[in-house]
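Participant: I have a structure I would like to understand better, so I am pasting it below and will then ask my questions one at a time.
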Amino acid sequence: MSPAKKHKNVPAPIGGNGIEALPDGVLEHILGFLPVEEAGRTSVLARSWRHRWKYATALRVRCLLKNNCGCPQPCFESWEDVDDMLRLRGCAPLEVCKITFASFYDDDDVVCLNRWVRHVVMCQVQRFRLENHYTAEHLVLDNLPLVSRHLTRLELVGLWLNNGFCDFSSCPSLQYLELGNCFFRGAKKLSSDSIKWLSMTSCDFKMDFGTLILVPGLVSLRLDSHLHRRPMLGSMPLLQEAFVRVPYLDNITEYCEEEDCYSCHDIMDDNKCALLNGLSNAEYLALLSESDTYLSPLQDSYEVGQQSVSLIVGFTLKLSIR
């Protein structure tokens with residue numbers, strides 16, 4: 001235990017002023033707003049500050065080469081430096097962690113990245129963002145599920161997701177999931193009983209099967225400009241609002257011809273309207289199309305034309321054409 005921790009409950013001397021007069025918890029919260037390199041430099045201020053940076057409630061790490069950084073913020077230039085920092089810091093609990101990286105290409109880089117993820121989860125992180133600064137190269141996360149009862153918010157950008165990782169059943173507190181520019185490599189299902197807010201922007205799904213989104217407790221969904229084959233949506237009885245932007249070359253009512261497609265044939269009745277079927281309980285549904293041909297008939301009972309607003313089965317369907 002650090003010297004600062006030993007005296008955590010000792011009140012500041014009467015007449016004390018400046019930042020030293022603040023409680024340790026406040027100081028550790030303030031340090032969490034700094035990049036970890038700057039927070040670490042405070043260890044030279046005084047003996048009582050030597051280990052304080054290790055207990056900052058937030059960890060902000062940038063591991064970018066100088067020619068990829070493009071900003072004046074301090075950053076690590078090798079993953080070995082980040083490994084050393086995490087080893088020195090230990091496993092003190094974290095409220096927030098944000099890791100941004102770039103120029104990771106070989107197998108050692110992939111092993112390193114997954115090691116960071118496991119370490120952060122061991123720190124009982126509550127809100128975690130992992131961002132690939134160079135999204136043209138997706139790095140693969142382990143084909144293993146996250147296991148954390150503390151994680152409430154997860155944001156992933158520019159990563160390659162496997163089937164095992166997309167099983168969030170071992171994260172019972174996870175309520176918010178945001179995925180941007182992620183590639184679903186062999187991920188046939190994304191599942192969670194706890195997630196309430198799901199955002200997926202410019203995610204790339206495989207062509208040979210549809211990924212099933214099985215999140216029955218969802219109340220808000222954003223599916224913006226997916227690539228290749230669209231995902232399939234399971235039942236979402238609690239859904240309140242949904243935003244879906246359909247890419248130019250997609251037809252969201254296209255029938256699936258793959259007889260072995262689990263996502264389609266195990267959850268769909270008559271394989272009709274595979275994407276929209278999961279949105280039927282939404283109170284507010286915004287559908288945007290980038291093509292001139294917007295939708296073929298959704299059901300035999302109604303048709304939707306361009307720039308129309310209809311009240312269908314108790315929810316508002318708002319359509320717009322660019």
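Chains: A, B, ... in order of the structure tokens. Residues: from 1 per chain. Ligands: from 1, in order shown.
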Run DSSP on the backbone and grab whatever in stretch 72-127 of chain A lands in alpha helix (DSSP H); send it over as a list in words.
Facilitator: Trp79, Glu80, Asp81, Val82, Asp83, Asp84, Met85, Leu86, Arg87, Leu88, Arg89, Asp107, Asp108, Asp109, Val110, Val111, Cys112, Leu113, Asn114, Arg115, Trp116, Val117, Arg118, His119, Val120, Val121 and Met122 of chain A
Participant: Using only C-alpha atoms, find each residue in stretch 23-138 of chain A having at least one atom no more than 12 Å away from stretch 172-182 of chain A; report its shortest atom-to-atom pair and that distance in Å (one decimal), rows by chain then rising number, as CSV.
Facilitator:
```
residue,atom,partner,partner_atom,distance
A:Gln124,CA,A:Ser173,CA,11.7
A:Val125,CA,A:Leu174,CA,11.2
A:Gln126,CA,A:Leu174,CA,8.7
A:Arg127,CA,A:Tyr176,CA,9.2
A:Phe128,CA,A:Leu177,CA,10.0
A:Arg129,CA,A:Glu178,CA,9.1
A:Leu130,CA,A:Leu179,CA,10.0
A:Glu131,CA,A:Gly180,CA,9.0
A:Asn132,CA,A:Asn181,CA,9.4
A:His133,CA,A:Asn181,CA,10.9
A:Tyr134,CA,A:Asn181,CA,10.5
A:Thr135,CA,A:Asn181,CA,6.9
A:Ala136,CA,A:Asn181,CA,9.0
A:Glu137,CA,A:Cys182,CA,10.3
A:His138,CA,A:Cys182,CA,7.4
```
Participant: Could you turn the residues from that selection into a file that holds C-alpha atoms, as a short mmCIF file (atom, residue, chain, number, x, y, z; two decimals), in the first residue's frame?
Facilitator:
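Result saved to out_39.cif:
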```cif
data_model
loop_
_atom_site.label_atom_id
_atom_site.label_comp_id
_atom_site.auth_asym_id
_atom_site.auth_seq_id
_atom_site.Cartn_x
_atom_site.Cartn_y
_atom_site.Cartn_z
CA GLN A 124 -12.67 -3.94 -12.47
CA VAL A 125 -13.10 -1.21 -15.09
CA GLN A 126 -16.61 0.17 -15.39
CA ARG A 127 -16.39 2.14 -18.66
CA PHE A 128 -13.91 0.93 -21.28
CA ARG A 129 -13.10 2.33 -24.74
CA LEU A 130 -10.63 0.54 -27.04
CA GLU A 131 -9.94 2.40 -30.29
CA ASN A 132 -7.86 1.49 -33.31
CA HIS A 133 -6.65 4.86 -34.65
CA TYR A 134 -5.94 3.29 -38.04
CA THR A 135 -9.23 1.54 -38.84
CA ALA A 136 -8.06 0.28 -42.24
CA GLU A 137 -6.21 -2.49 -40.35
CA HIS A 138 -8.52 -4.41 -38.00
#
```
Participant: List as a Markdown table every residue of stretch 144-189 of chain A that is in contact with stretch 227-234 of chain A, defined as an atom at most 10 Å from one of its atoms (using only C-alpha atoms), together with the nearest atom pair and the distance in Å rounded to one decimal, sorted by chain and then rising number.
Facilitator:
```
| residue | atom | partner | partner_atom | distance |
| --- | --- | --- | --- | --- |
| A:Asn181 | CA | A:Leu227 | CA | 9.5 |
| A:Phe183 | CA | A:Leu227 | CA | 9.2 |
| A:Lys188 | CA | A:Pro231 | CA | 9.3 |
| A:Lys189 | CA | A:Met232 | CA | 9.1 |
```
Participant: Based on the selection just made, write N, CA, C and O atoms of those residues as a compact mmCIF listing (two decimals), in the first residue's frame.
Facilitator:
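And here's selection.txt as it stands now:
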```txt
# COMPACT_ATOMS: atom_id res chain seq x y z
N ASN A 181 -16.90 0.72 -36.96
CA ASN A 181 -15.93 0.20 -37.93
C ASN A 181 -15.34 -1.14 -37.51
O ASN A 181 -14.15 -1.41 -37.69
N PHE A 183 -15.24 -5.37 -37.66
CA PHE A 183 -15.48 -6.45 -38.61
C PHE A 183 -15.84 -7.71 -37.85
O PHE A 183 -15.10 -8.15 -36.97
N LYS A 188 -21.26 -15.34 -35.53
CA LYS A 188 -22.61 -15.66 -35.96
C LYS A 188 -23.67 -15.08 -35.04
O LYS A 188 -24.84 -15.01 -35.40
N LYS A 189 -23.24 -14.67 -33.83
CA LYS A 189 -24.23 -14.15 -32.88
C LYS A 189 -23.59 -13.16 -31.93
O LYS A 189 -22.50 -13.37 -31.43
```
Participant: Enumerate, as number ranges by chain, the complete set of residues in stretch 59-219 of chain A that a backbone-based DSSP assignment places in strand (DSSP E or B).
Facilitator: A: 59-63, 76, 96-101, 127-132, 139-140, 153-157, 159-161, 167, 176-180, 183-184, 189-191, 197-201, 204-205, 212-214
Participant: Between atom CA of A:Leu141 and atom CA of A:Leu161, measure the distance and give it in Å to one decimal.
Facilitator: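 Atom-to-atom, atom CA of A:Leu141 to atom CA of A:Leu161, that is 5.9 Å.
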Participant: Calculate how many Å separate atom CA of A:Asn163 from atom CA of A:Arg222, rounding to one decimal.
Facilitator: 20.9 Å
